[in-house]
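Reproduced below: data-v3.cif, with mmCIF, C-alpha atoms and all ligand atoms.
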```
data_model
loop_
_atom_site.label_atom_id
_atom_site.label_comp_id
_atom_site.auth_asym_id
_atom_site.auth_seq_id
_atom_site.Cartn_x
_atom_site.Cartn_y
_atom_site.Cartn_z
CA MET A 1 226.33 239.11 313.44
CA ILE A 2 224.82 242.58 313.79
CA ALA A 3 222.31 242.75 316.67
CA ILE A 4 220.12 245.27 318.46
CA SER A 5 220.86 246.54 321.98
CA LEU A 6 218.13 245.16 324.24
CA PRO A 7 219.08 247.40 327.21
CA ARG A 8 218.78 250.50 325.04
CA LEU A 9 215.49 249.35 323.50
CA THR A 10 214.08 248.45 326.93
CA SER A 11 215.15 251.79 328.35
CA ARG A 12 213.34 253.63 325.54
CA ILE A 13 210.19 251.49 326.00
CA ASN A 14 210.22 252.42 329.70
CA ALA A 15 210.87 256.10 328.91
CA LEU A 16 208.01 256.30 326.39
CA ALA A 17 205.71 254.55 328.91
CA ARG A 18 206.08 257.56 331.20
CA PHE A 19 204.03 259.76 328.86
CA GLY A 20 200.42 259.21 329.92
CA ALA A 21 201.45 256.72 332.62
CA LEU A 22 198.60 255.63 334.95
CA PRO A 23 199.09 255.22 338.72
CA GLY A 24 198.17 251.51 338.59
CA GLY A 25 200.35 250.78 335.51
CA GLY A 26 199.63 251.06 331.80
CA VAL A 27 199.11 254.23 329.80
CA THR A 28 196.48 256.48 328.28
CA ARG A 29 198.13 258.42 325.43
CA SER A 30 195.40 259.39 322.94
CA CYS A 31 196.56 260.92 319.71
CA TRP A 32 196.96 264.75 319.76
CA SER A 33 196.64 264.79 323.61
CA ALA A 34 199.30 266.56 325.73
CA PRO A 35 201.02 263.27 326.74
CA HIS A 36 201.05 262.21 323.08
CA GLU A 37 202.58 265.49 321.91
CA GLU A 38 205.18 265.34 324.70
CA ALA A 39 205.95 261.77 323.60
CA ARG A 40 206.30 262.95 319.99
CA ALA A 41 208.81 265.63 321.03
CA TRP A 42 210.74 263.03 323.07
CA LEU A 43 210.76 260.61 320.10
CA LEU A 44 212.03 263.29 317.72
CA GLY A 45 214.83 264.00 320.21
CA GLU A 46 215.75 260.30 320.40
CA MET A 47 215.73 260.01 316.60
CA ARG A 48 217.99 263.03 316.22
CA ALA A 49 220.35 261.80 318.97
CA ALA A 50 220.54 258.50 317.06
CA GLY A 51 221.73 260.44 314.01
CA LEU A 52 218.53 260.24 311.92
CA ALA A 53 217.05 262.96 309.76
CA THR A 54 213.57 263.75 311.11
CA TRP A 55 210.35 265.35 309.93
CA VAL A 56 206.61 265.43 310.75
CA ASP A 57 204.10 265.42 307.91
CA PRO A 58 200.76 267.35 307.71
CA ALA A 59 198.87 264.33 309.15
CA GLY A 60 201.15 264.31 312.21
CA ASN A 61 203.10 261.23 311.15
CA THR A 62 206.60 261.41 312.66
CA PHE A 63 209.60 260.11 310.67
CA GLY A 64 213.27 259.35 311.23
CA SER A 65 215.46 258.25 308.34
CA LEU A 66 218.94 257.06 307.45
CA GLY A 67 220.31 257.84 304.01
CA ALA A 68 217.60 260.25 302.86
CA ARG A 69 216.15 263.52 304.16
CA ALA A 70 212.65 262.74 302.85
CA LEU A 71 210.73 259.92 301.16
CA SER A 72 210.79 260.23 297.40
CA PRO A 73 210.29 257.94 294.39
CA GLU A 74 213.84 258.85 293.28
CA THR A 75 215.24 256.92 296.24
CA PRO A 76 212.57 254.33 297.29
CA ALA A 77 213.01 253.63 301.00
CA VAL A 78 212.47 250.59 303.18
CA LEU A 79 210.07 251.79 305.86
CA THR A 80 209.24 250.39 309.27
CA GLY A 81 207.23 251.81 312.16
CA SER A 82 203.99 251.61 314.13
CA HIS A 83 202.25 254.07 316.50
CA ILE A 84 202.80 255.86 319.82
CA ASP A 85 199.12 256.57 320.53
CA THR A 86 197.35 254.12 322.82
CA VAL A 87 193.83 253.06 323.74
CA PRO A 88 192.53 254.33 327.09
CA GLU A 89 194.18 252.31 329.90
CA GLY A 90 196.32 250.48 327.37
CA GLY A 91 199.65 248.69 327.57
CA VAL A 92 203.18 249.93 327.02
CA LEU A 93 204.01 247.77 323.97
CA ASP A 94 201.07 248.12 321.54
CA GLY A 95 202.57 250.38 318.85
CA ALA A 96 205.51 251.55 320.97
CA LEU A 97 207.41 248.32 320.29
CA GLY A 98 207.32 248.79 316.52
CA VAL A 99 208.38 252.44 316.61
CA LEU A 100 211.20 251.97 319.14
CA ALA A 101 212.49 248.70 317.65
CA GLY A 102 212.58 250.45 314.28
CA LEU A 103 214.55 253.33 315.79
CA GLU A 104 216.91 250.82 317.46
CA CYS A 105 217.48 249.01 314.14
CA LEU A 106 218.34 252.22 312.28
CA GLN A 107 220.65 253.32 315.09
CA VAL A 108 222.55 250.00 315.06
CA VAL A 109 222.87 250.12 311.26
CA ARG A 110 224.32 253.61 311.55
CA GLU A 111 226.65 252.80 314.45
CA THR A 112 228.04 249.70 312.72
CA ASN A 113 228.27 251.43 309.33
CA THR A 114 226.36 248.49 307.86
CA PRO A 115 225.83 249.14 304.14
CA HIS A 116 222.27 249.37 302.82
CA ALA A 117 221.49 250.14 299.21
CA LYS A 118 218.14 251.79 299.96
CA PRO A 119 217.36 254.46 302.58
CA LEU A 120 215.85 253.14 305.81
CA ALA A 121 213.11 255.04 307.65
CA VAL A 122 210.90 254.61 310.70
CA ALA A 123 207.42 256.13 311.15
CA ALA A 124 205.11 256.78 314.10
CA TRP A 125 201.64 256.91 312.49
CA SER A 126 198.93 259.23 313.84
CA ASP A 127 195.87 257.89 315.63
CA GLU A 128 196.34 254.23 314.76
CA GLU A 129 193.81 253.40 317.50
CA GLY A 130 191.19 255.35 315.62
CA ARG A 131 190.01 257.62 318.41
CA TYR A 132 188.89 260.08 315.70
CA GLY A 133 188.76 257.77 312.69
CA SER A 134 190.64 254.51 312.11
CA LEU A 135 194.29 254.41 311.04
CA PHE A 136 194.18 258.14 310.28
CA GLY A 137 197.88 258.90 309.78
CA SER A 138 198.73 255.96 307.54
CA ARG A 139 195.54 256.52 305.53
CA ALA A 140 196.64 260.09 304.86
CA PHE A 141 200.18 258.94 303.96
CA CYS A 142 198.79 256.36 301.52
CA GLY A 143 196.25 258.74 299.98
CA LEU A 144 193.34 256.75 301.42
CA LEU A 145 191.63 259.42 303.54
CA GLU A 146 187.87 259.42 302.94
CA GLY A 147 185.03 261.47 304.36
CA ASN A 148 185.11 264.93 305.80
CA VAL A 149 187.63 265.65 308.56
CA ASP A 150 185.19 268.25 309.90
CA GLU A 151 182.85 265.40 310.84
CA MET A 152 185.45 263.20 312.52
CA ALA A 153 185.16 263.12 316.31
CA ALA A 154 186.11 261.06 319.33
CA PRO A 155 183.46 259.10 321.30
CA ASP A 156 183.37 261.96 323.85
CA GLY A 157 182.46 264.41 321.07
CA THR A 158 185.88 266.11 320.75
CA ARG A 159 186.28 267.07 317.07
CA LEU A 160 189.42 266.02 315.19
CA VAL A 161 189.92 269.53 313.81
CA ASP A 162 189.99 270.94 317.35
CA ALA A 163 192.24 268.20 318.76
CA MET A 164 194.72 268.62 315.91
CA ALA A 165 194.61 272.43 316.13
CA HIS A 166 195.40 272.18 319.85
CA ALA A 167 198.47 270.10 318.94
CA GLY A 168 199.48 272.61 316.26
CA PHE A 169 198.17 270.83 313.14
CA ASP A 170 195.56 271.79 310.54
CA ALA A 171 193.34 268.72 310.01
CA ARG A 172 192.19 270.12 306.68
CA ARG A 173 195.77 269.80 305.39
CA ALA A 174 196.16 266.16 306.50
CA ALA A 175 195.55 264.90 302.96
CA ASP A 176 198.75 266.77 301.94
CA ALA A 177 200.64 263.95 303.71
CA ARG A 178 199.95 261.75 300.67
CA THR A 179 203.28 260.31 299.55
CA PRO A 180 204.01 259.59 295.88
CA LYS A 181 203.66 255.94 294.87
CA GLY A 182 207.12 254.37 294.63
CA ALA A 183 208.58 256.38 297.51
CA VAL A 184 208.29 253.27 299.72
CA SER A 185 209.98 250.17 298.34
CA SER A 186 208.59 247.99 301.16
CA TYR A 187 207.15 248.30 304.67
CA VAL A 188 207.58 245.91 307.60
CA GLU A 189 206.13 246.45 311.08
CA LEU A 190 207.02 244.69 314.33
CA HIS A 191 204.04 244.32 316.68
CA ILE A 192 202.88 242.22 319.63
CA GLU A 193 200.37 239.60 318.53
CA GLN A 194 197.81 240.86 321.07
CA GLY A 195 196.34 237.36 321.22
CA PRO A 196 197.20 233.87 322.57
CA ARG A 197 198.12 231.89 319.44
CA LEU A 198 201.93 232.20 319.31
CA GLU A 199 202.43 231.73 323.04
CA GLU A 200 200.14 228.67 323.14
CA ALA A 201 201.94 227.15 320.15
CA GLY A 202 205.38 227.95 321.61
CA ILE A 203 206.32 229.77 318.39
CA PRO A 204 208.62 232.79 318.82
CA ILE A 205 207.82 234.67 315.59
CA GLY A 206 204.57 235.16 313.69
CA VAL A 207 204.69 236.08 310.01
CA VAL A 208 201.47 237.91 309.17
CA GLU A 209 199.71 236.79 305.98
CA ALA A 210 196.59 238.96 306.19
CA ILE A 211 195.04 241.67 308.36
CA VAL A 212 191.35 241.88 309.27
CA GLY A 213 188.99 244.58 308.19
CA VAL A 214 187.08 246.42 310.92
CA ARG A 215 183.70 248.09 310.49
CA ARG A 216 182.57 250.51 313.15
CA SER A 217 179.18 252.22 313.43
CA ARG A 218 177.15 254.23 315.88
CA VAL A 219 173.75 252.61 316.60
CA VAL A 220 171.34 255.04 318.29
CA PHE A 221 168.02 253.84 319.76
CA VAL A 222 165.56 256.69 320.35
CA GLY A 223 162.72 255.96 322.78
CA GLN A 224 161.15 258.21 325.37
CA ALA A 225 162.53 259.54 328.63
CA ASP A 226 160.00 258.92 331.41
CA HIS A 227 159.67 258.80 335.18
CA ALA A 228 161.30 255.55 336.35
CA GLY A 229 158.75 255.14 339.14
CA THR A 230 155.40 256.30 337.91
CA THR A 231 155.49 255.12 334.27
CA PRO A 232 153.73 251.72 333.97
CA MET A 233 156.19 249.10 332.67
CA GLU A 234 154.15 248.25 329.58
CA ARG A 235 154.10 251.92 328.51
CA ARG A 236 157.84 252.47 328.66
CA ARG A 237 159.88 253.02 325.45
CA ASP A 238 163.21 252.23 327.08
CA ALA A 239 166.09 252.97 324.66
CA PHE A 240 168.67 251.17 326.78
CA LEU A 241 166.56 248.00 326.86
CA ALA A 242 166.43 248.07 323.05
CA GLY A 243 170.20 248.62 322.99
CA ALA A 244 170.77 245.67 325.30
CA ASP A 245 168.49 243.49 323.18
CA TYR A 246 170.41 244.56 320.06
CA ALA A 247 173.78 243.87 321.70
CA LEU A 248 172.79 240.30 322.56
CA ARG A 249 171.18 239.58 319.19
CA ALA A 250 174.00 241.16 317.14
CA ARG A 251 176.61 239.11 319.00
CA GLU A 252 174.61 235.92 318.46
CA HIS A 253 174.22 236.78 314.77
CA VAL A 254 177.92 237.46 314.12
CA VAL A 255 179.03 234.34 316.01
CA THR A 256 176.51 232.03 314.34
CA ARG A 257 176.21 233.58 310.88
CA GLY A 258 179.70 235.01 310.38
CA SER A 259 182.80 233.04 309.44
CA SER A 260 184.70 230.91 311.95
CA VAL A 261 186.87 233.97 312.71
CA SER A 262 184.27 236.77 312.71
CA VAL A 263 184.25 238.78 315.92
CA THR A 264 182.19 241.68 317.23
CA ASN A 265 182.25 244.11 320.14
CA ILE A 266 180.30 246.97 321.66
CA GLY A 267 182.86 248.97 323.63
CA VAL A 268 181.09 252.28 324.18
CA VAL A 269 177.51 252.73 325.47
CA ARG A 270 176.03 256.13 326.25
CA VAL A 271 172.58 256.48 327.83
CA HIS A 272 170.67 259.79 327.85
CA PRO A 273 169.63 261.69 329.96
CA GLY A 274 171.53 259.30 332.25
CA ALA A 275 169.98 259.33 335.72
CA SER A 276 168.82 256.34 337.74
CA ASN A 277 165.28 257.69 338.05
CA ILE A 278 164.73 258.38 334.33
CA VAL A 279 163.76 255.74 331.79
CA PRO A 280 166.49 256.10 329.12
CA GLY A 281 165.20 258.12 326.18
CA ARG A 282 168.28 257.53 324.05
CA ALA A 283 170.99 254.86 323.91
CA GLU A 284 174.08 255.14 321.71
CA LEU A 285 176.22 252.05 321.06
CA LEU A 286 179.57 251.97 319.20
CA HIS A 287 179.41 248.61 317.48
CA GLU A 288 182.35 247.04 315.57
CA MET A 289 182.77 243.79 313.72
CA ARG A 290 185.85 242.18 312.14
CA ASP A 291 186.71 239.52 309.58
CA PRO A 292 189.61 238.93 307.16
CA ASP A 293 187.08 238.47 304.31
CA PRO A 294 185.59 241.73 302.95
CA GLY A 295 182.53 239.89 301.62
CA VAL A 296 181.67 238.43 305.01
CA LEU A 297 182.15 241.82 306.64
CA GLU A 298 179.87 243.54 304.09
CA ARG A 299 177.14 240.90 304.60
CA LEU A 300 177.30 241.04 308.40
CA ALA A 301 177.11 244.83 308.39
CA LYS A 302 173.95 244.76 306.26
CA GLU A 303 172.37 242.00 308.39
CA CYS A 304 173.12 243.82 311.65
CA ALA A 305 171.60 247.02 310.25
CA ALA A 306 168.42 245.08 309.46
CA LEU A 307 168.56 243.57 312.94
CA ALA A 308 168.72 247.05 314.52
CA HIS A 309 165.54 248.05 312.68
CA ASP A 310 163.86 244.84 313.78
CA VAL A 311 164.78 245.49 317.41
CA ALA A 312 163.47 249.06 317.14
CA ARG A 313 160.12 247.77 315.88
CA THR A 314 159.93 245.21 318.67
CA HIS A 315 160.51 247.90 321.29
CA ARG A 316 158.22 250.47 319.55
CA LEU A 317 160.95 253.04 319.13
CA ALA A 318 163.25 254.48 316.44
CA VAL A 319 166.82 253.64 315.51
CA GLU A 320 169.46 255.72 313.69
CA LEU A 321 172.56 254.12 312.13
CA TYR A 322 175.74 256.10 311.49
CA PRO A 323 178.74 254.31 309.89
CA ILE A 324 181.97 255.53 311.55
CA SER A 325 184.76 253.71 309.72
CA ALA A 326 185.53 250.67 307.62
CA THR A 327 189.06 249.41 307.14
CA THR A 328 189.78 247.08 304.24
CA PRO A 329 191.19 243.63 304.99
CA ALA A 330 194.68 243.33 303.47
CA GLN A 331 196.92 240.56 302.18
CA CYS A 332 200.60 240.95 303.14
CA SER A 333 203.32 240.82 300.50
CA ALA A 334 204.67 237.35 299.69
CA ARG A 335 208.11 238.91 299.16
CA VAL A 336 208.12 240.55 302.59
CA GLN A 337 206.81 237.39 304.27
CA ALA A 338 209.57 235.33 302.61
CA THR A 339 212.19 237.89 303.67
CA ILE A 340 211.00 237.74 307.29
CA GLU A 341 211.17 233.92 307.19
CA LYS A 342 214.72 234.03 305.76
CA ALA A 343 215.77 236.39 308.55
CA CYS A 344 214.27 233.96 311.08
CA ALA A 345 216.11 231.02 309.50
CA LYS A 346 219.35 233.00 309.76
CA LEU A 347 218.61 233.58 313.47
CA GLY A 348 217.49 229.98 314.02
CA LEU A 349 213.93 230.98 314.95
CA ALA A 350 210.79 228.96 314.23
CA THR A 351 207.95 230.86 312.58
CA ARG A 352 204.23 230.47 311.95
CA ARG A 353 202.15 232.27 309.36
CA LEU A 354 198.91 233.71 310.72
CA TYR A 355 196.33 236.40 310.07
CA SER A 356 196.11 239.44 312.30
CA ALA A 357 192.81 239.76 314.21
CA ALA A 358 193.89 243.30 315.10
CA GLY A 359 193.92 246.15 312.63
CA HIS A 360 197.24 247.81 311.81
CA ASP A 361 198.72 250.62 309.73
CA ALA A 362 200.39 247.91 307.62
CA GLN A 363 197.00 247.21 306.04
CA ASN A 364 197.06 250.66 304.47
CA LEU A 365 200.71 250.34 303.39
CA ALA A 366 199.74 246.96 301.85
CA ARG A 367 197.30 248.74 299.56
CA VAL A 368 200.03 250.91 298.03
CA GLY A 369 203.04 248.61 298.12
CA ASP A 370 204.78 245.58 299.57
CA ALA A 371 203.98 245.38 303.29
CA GLY A 372 204.34 242.78 306.00
CA MET A 373 204.33 242.32 309.77
CA ILE A 374 206.36 240.44 312.36
CA PHE A 375 204.54 239.34 315.54
CA ILE A 376 205.99 238.36 318.89
CA PRO A 377 203.96 236.50 321.54
CA SER A 378 201.89 238.45 324.08
CA GLN A 379 201.97 237.08 327.63
CA GLY A 380 198.61 235.35 328.15
CA GLY A 381 197.48 236.94 324.88
CA ARG A 382 196.76 240.10 326.88
CA SER A 383 196.47 243.48 325.12
CA HIS A 384 194.43 246.70 325.25
CA ARG A 385 194.77 246.40 329.03
CA VAL A 386 197.30 247.75 331.50
CA ASP A 387 199.02 244.37 332.09
CA GLU A 388 199.83 243.86 328.37
CA MET A 389 203.39 242.47 328.28
CA SER A 390 205.89 240.36 326.30
CA ASP A 391 209.07 238.67 327.57
CA PRO A 392 212.28 240.71 327.11
CA ALA A 393 213.76 237.76 325.17
CA ALA A 394 210.74 237.87 322.83
CA ILE A 395 211.24 241.60 322.33
CA GLN A 396 214.93 241.00 321.55
CA ARG A 397 214.11 238.22 319.05
CA GLY A 398 211.48 240.33 317.32
CA ALA A 399 213.75 243.39 317.04
CA ASN A 400 216.61 241.30 315.64
CA VAL A 401 214.29 239.72 313.08
CA LEU A 402 213.17 243.23 312.12
CA LEU A 403 216.82 244.34 311.80
CA HIS A 404 217.77 241.50 309.45
CA THR A 405 214.55 241.83 307.48
CA LEU A 406 215.11 245.56 306.94
CA LEU A 407 218.70 245.00 305.79
CA ALA A 408 217.65 242.23 303.38
CA LEU A 409 214.86 244.42 301.94
CA ALA A 410 217.24 247.38 301.67
CA ASP A 411 219.65 245.29 299.63
CA GLY A 412 217.10 244.12 297.18
CA ALA A 413 215.52 241.02 298.77
O1 LIG A 501 191.83 247.77 317.31
C1 LIG A 501 192.79 247.24 316.78
O2 LIG A 501 192.66 246.20 316.19
C2 LIG A 501 194.14 247.86 316.85
O3 LIG A 501 194.70 247.57 318.10
N1 LIG A 501 194.08 249.28 316.64
MN MN A 502 198.74 248.57 317.58
MN MN A 503 195.86 248.72 319.62
#
```

Spell out the structure here as structure tokens.
Amino acid sequence: MIAISLPRLTSRINALARFGALPGGGVTRSCWSAPHEEARAWLLGEMRAAGLATWVDPAGNTFGSLGARALSPETPAVLTGSHIDTVPEGGVLDGALGVLAGLECLQVVRETNTPHAKPLAVAAWSDEEGRYGSLFGSRAFCGLLEGNVDEMAAPDGTRLVDAMAHAGFDARRAADARTPKGAVSSYVELHIEQGPRLEEAGIPIGVVEAIVGVRRSRVVFVGQADHAGTTPMERRRDAFLAGADYALRAREHVVTRGSSVSVTNIGVVRVHPGASNIVPGRAELLHEMRDPDPGVLERLAKECAALAHDVARTHRLAVELYPISATTPAQCSARVQATIEKACAKLGLATRRLYSAAGHDAQNLARVGDAGMIFIPSQGGRSHRVDEMSDPAAIQRGANVLLHTLLALADGA
């Protein structure tokens, strides 16, 4: 039975991990950054050496394909992929696994001359981690870009247009990456689960049924900078204190008033002017919340906005709310899920259906066609941290399931 080469896949995972490698382990490889662009060039070289046709679209999505030189509705392709950008101080598998396992699958199909009725292609999507705006590359590919690229910026203020220009791309042309409906017959992505469920259940393969929506906003409390020593406590309009109050109350609200799977996080806090002897005049919080149900997400977002205004009143200061992004929860294709399960049966692997509590590019592909995801267990459920890891045997199982799923989809499953 056709199988992937684990040594070759492992060697590529280790090679990609060198781009943006951190001294203590893990990587920081933000989209459009120098390490990311060096990694893109390396990936294109690996794709070409594997015998694939390659191209990069106006949104910076990188493709390798077998049996077609482009994606077109005349020859609908079976597409796989993921992303090579990472979060700051991230792991070496989030995204990289799906891109490199996809490359490995296409290379094995080519080397073994395995027939496939439809073209096979692998993509590395731009800015999946949403440093400038969530799931940017796959949104552009699926014709789902919204808002004005001139207003998209990273938490440190770097504008998308400047970051892309520095990498040789024109952000204002990103929408040209839109691909005609019908060019992709189906999409399947291999990814680490990034949570504890599969490992705790002892299940080797997860078949994703649905993917959460994520809503991100910037919550800015505006008080008054003051002397931290001489200003009487009762007169202070401390913006950070309001932010802290909001953080605690918003978390309580989402946990108690959301669904059983609603989650929330505040991962970026910026205090201004930012000195220990100044009462904070301004506090900016990046607040996100997630749920697989769009209705729950919509309700929580409205309730947390009202909560922010309530906190501002309590602390006698102002609050400004700026939505950043909202991804739509997605249902995965029943056909793709069934095809993954058949591949697992063929390989003698137990499976479990589950929803993804992480966002993925597959949720955009699911809005324009048949899309699905294969999960492998994460050691200790760890992810978005430098010690993110999965067992080599789990990586091998996941890549072989991807290989057999792609072949079945390419032959009309
Ligand atoms: O944040 C997420 O859910 C994904 O890892 N980008
Ligand atoms: Mn990812
Ligand atoms: Mn991630």

Two-atom distance - CA of Asn14 in chain A, CA of Gly90 in chain A (Å): 14.2 Å

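Neighbouring residues of ligand MN 503 (chain A) at a cut-off of 9 Å, counting all atoms listed in the file, are His83, Asp85, Thr86, Val87, Gly90, Gly91, Asp94, Gly95, Glu128, Glu129, Gln194, Ala358, Gly359, His360, Ser383 and His384 of chain A.
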
Go ahead and dump the residues you just picked, C-alpha atoms, as an mmCIF file, in the coordinates of the input.
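The result, stored in out_21.cif:
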```cif
data_model
loop_
_atom_site.group_PDB
_atom_site.id
_atom_site.type_symbol
_atom_site.label_atom_id
_atom_site.label_comp_id
_atom_site.auth_asym_id
_atom_site.auth_seq_id
_atom_site.Cartn_x
_atom_site.Cartn_y
_atom_site.Cartn_z
ATOM 1 C CA HIS A 83 202.250 254.070 316.500
ATOM 2 C CA ASP A 85 199.120 256.570 320.530
ATOM 3 C CA THR A 86 197.350 254.120 322.820
ATOM 4 C CA VAL A 87 193.830 253.060 323.740
ATOM 5 C CA GLY A 90 196.320 250.480 327.370
ATOM 6 C CA GLY A 91 199.650 248.690 327.570
ATOM 7 C CA ASP A 94 201.070 248.120 321.540
ATOM 8 C CA GLY A 95 202.570 250.380 318.850
ATOM 9 C CA GLU A 128 196.340 254.230 314.760
ATOM 10 C CA GLU A 129 193.810 253.400 317.500
ATOM 11 C CA GLN A 194 197.810 240.860 321.070
ATOM 12 C CA ALA A 358 193.890 243.300 315.100
ATOM 13 C CA GLY A 359 193.920 246.150 312.630
ATOM 14 C CA HIS A 360 197.240 247.810 311.810
ATOM 15 C CA SER A 383 196.470 243.480 325.120
ATOM 16 C CA HIS A 384 194.430 246.700 325.250
#
```

Test item: residues at most 7 Å from Ala357 in chain A, all atoms listed in the file, excluding those fewer than 2 positions along its chain, as a PyMOL selection string: chain A and resi 211-212+355+359

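The shortest atom-to-atom distance to Val214 in chain A, with all atoms listed in the file taken into account, belongs to A:Arg290 out of A:His253, A:Arg290, A:Lys118, A:Arg131.
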
Computed interatomic separation between CA of Phe169 in chain A and CA of Gly60 in chain A (Å):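 Atom-to-atom, CA of Phe169 in chain A and CA of Gly60 in chain A are spaced 7.2 Å apart.
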
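Around the coordinate (210.7, 267.3, 318.9), residues that reach within 12 Å when counting all atoms listed in the file are His36, Glu37, Glu38, Ala39, Arg40, Ala41, Trp42, Leu43, Leu44, Gly45, Glu46, Met47, Arg48, Ala49, Ala53, Thr54, Trp55, Val56, Thr62, Phe63 and Gly64 of chain A.
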
Would you mind exporting the chosen residues as a short mmCIF file (atom, residue, chain, number, x, y, z; two decimals), in the frame of the given file, restricted to C-alpha atoms?
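What ended up in result_0.cif:
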```cif
data_model
loop_
_atom_site.label_atom_id
_atom_site.label_comp_id
_atom_site.auth_asym_id
_atom_site.auth_seq_id
_atom_site.Cartn_x
_atom_site.Cartn_y
_atom_site.Cartn_z
CA HIS A 36 201.05 262.21 323.08
CA GLU A 37 202.58 265.49 321.91
CA GLU A 38 205.18 265.34 324.70
CA ALA A 39 205.95 261.77 323.60
CA ARG A 40 206.30 262.95 319.99
CA ALA A 41 208.81 265.63 321.03
CA TRP A 42 210.74 263.03 323.07
CA LEU A 43 210.76 260.61 320.10
CA LEU A 44 212.03 263.29 317.72
CA GLY A 45 214.83 264.00 320.21
CA GLU A 46 215.75 260.30 320.40
CA MET A 47 215.73 260.01 316.60
CA ARG A 48 217.99 263.03 316.22
CA ALA A 49 220.35 261.80 318.97
CA ALA A 53 217.05 262.96 309.76
CA THR A 54 213.57 263.75 311.11
CA TRP A 55 210.35 265.35 309.93
CA VAL A 56 206.61 265.43 310.75
CA THR A 62 206.60 261.41 312.66
CA PHE A 63 209.60 260.11 310.67
CA GLY A 64 213.27 259.35 311.23
#
```

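Straight-line separation from CA of Val184 in chain A to CA of Pro119 in chain A: 9.6 Å.
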
Counting all atoms listed in the file, the option among A:Ala338, A:Ala306, A:Leu135, A:Ala201 closest to ligand LIG 501 (chain A):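 Counting all atoms listed in the file, the residue closest to ligand LIG 501 (chain A) is A:Leu135.
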
Near-Val271 in chain A list (10 Å; only C-alpha atoms; drop same-chain fewer than 2 positions) as a list in words: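 These residues fall inside the cut-off: Val220, Phe221, Ala239, Phe240, Gly243, Val269, Pro273, Gly274, Ala275, Val279, Pro280, Gly281, Arg282, Ala283, Glu284 and Leu285 of chain A.
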
Long-range neighbours of Asp57 in chain A as JSON, numbers by chain, 12 Å cut-off, all atoms listed in the file, 3 positions minimum in chain: {"A": [54, 60, 61, 62, 63, 64, 70, 71, 123, 124, 125, 126, 137, 138, 140, 141, 168, 169, 170, 171, 173, 174, 175, 176, 177, 178, 179]}

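Proximity ranking of A:Ala183, A:Val268, A:Ala362, A:Leu22 relative to Ala77 in chain A places A:Ala183 first, based on all atoms listed in the file.
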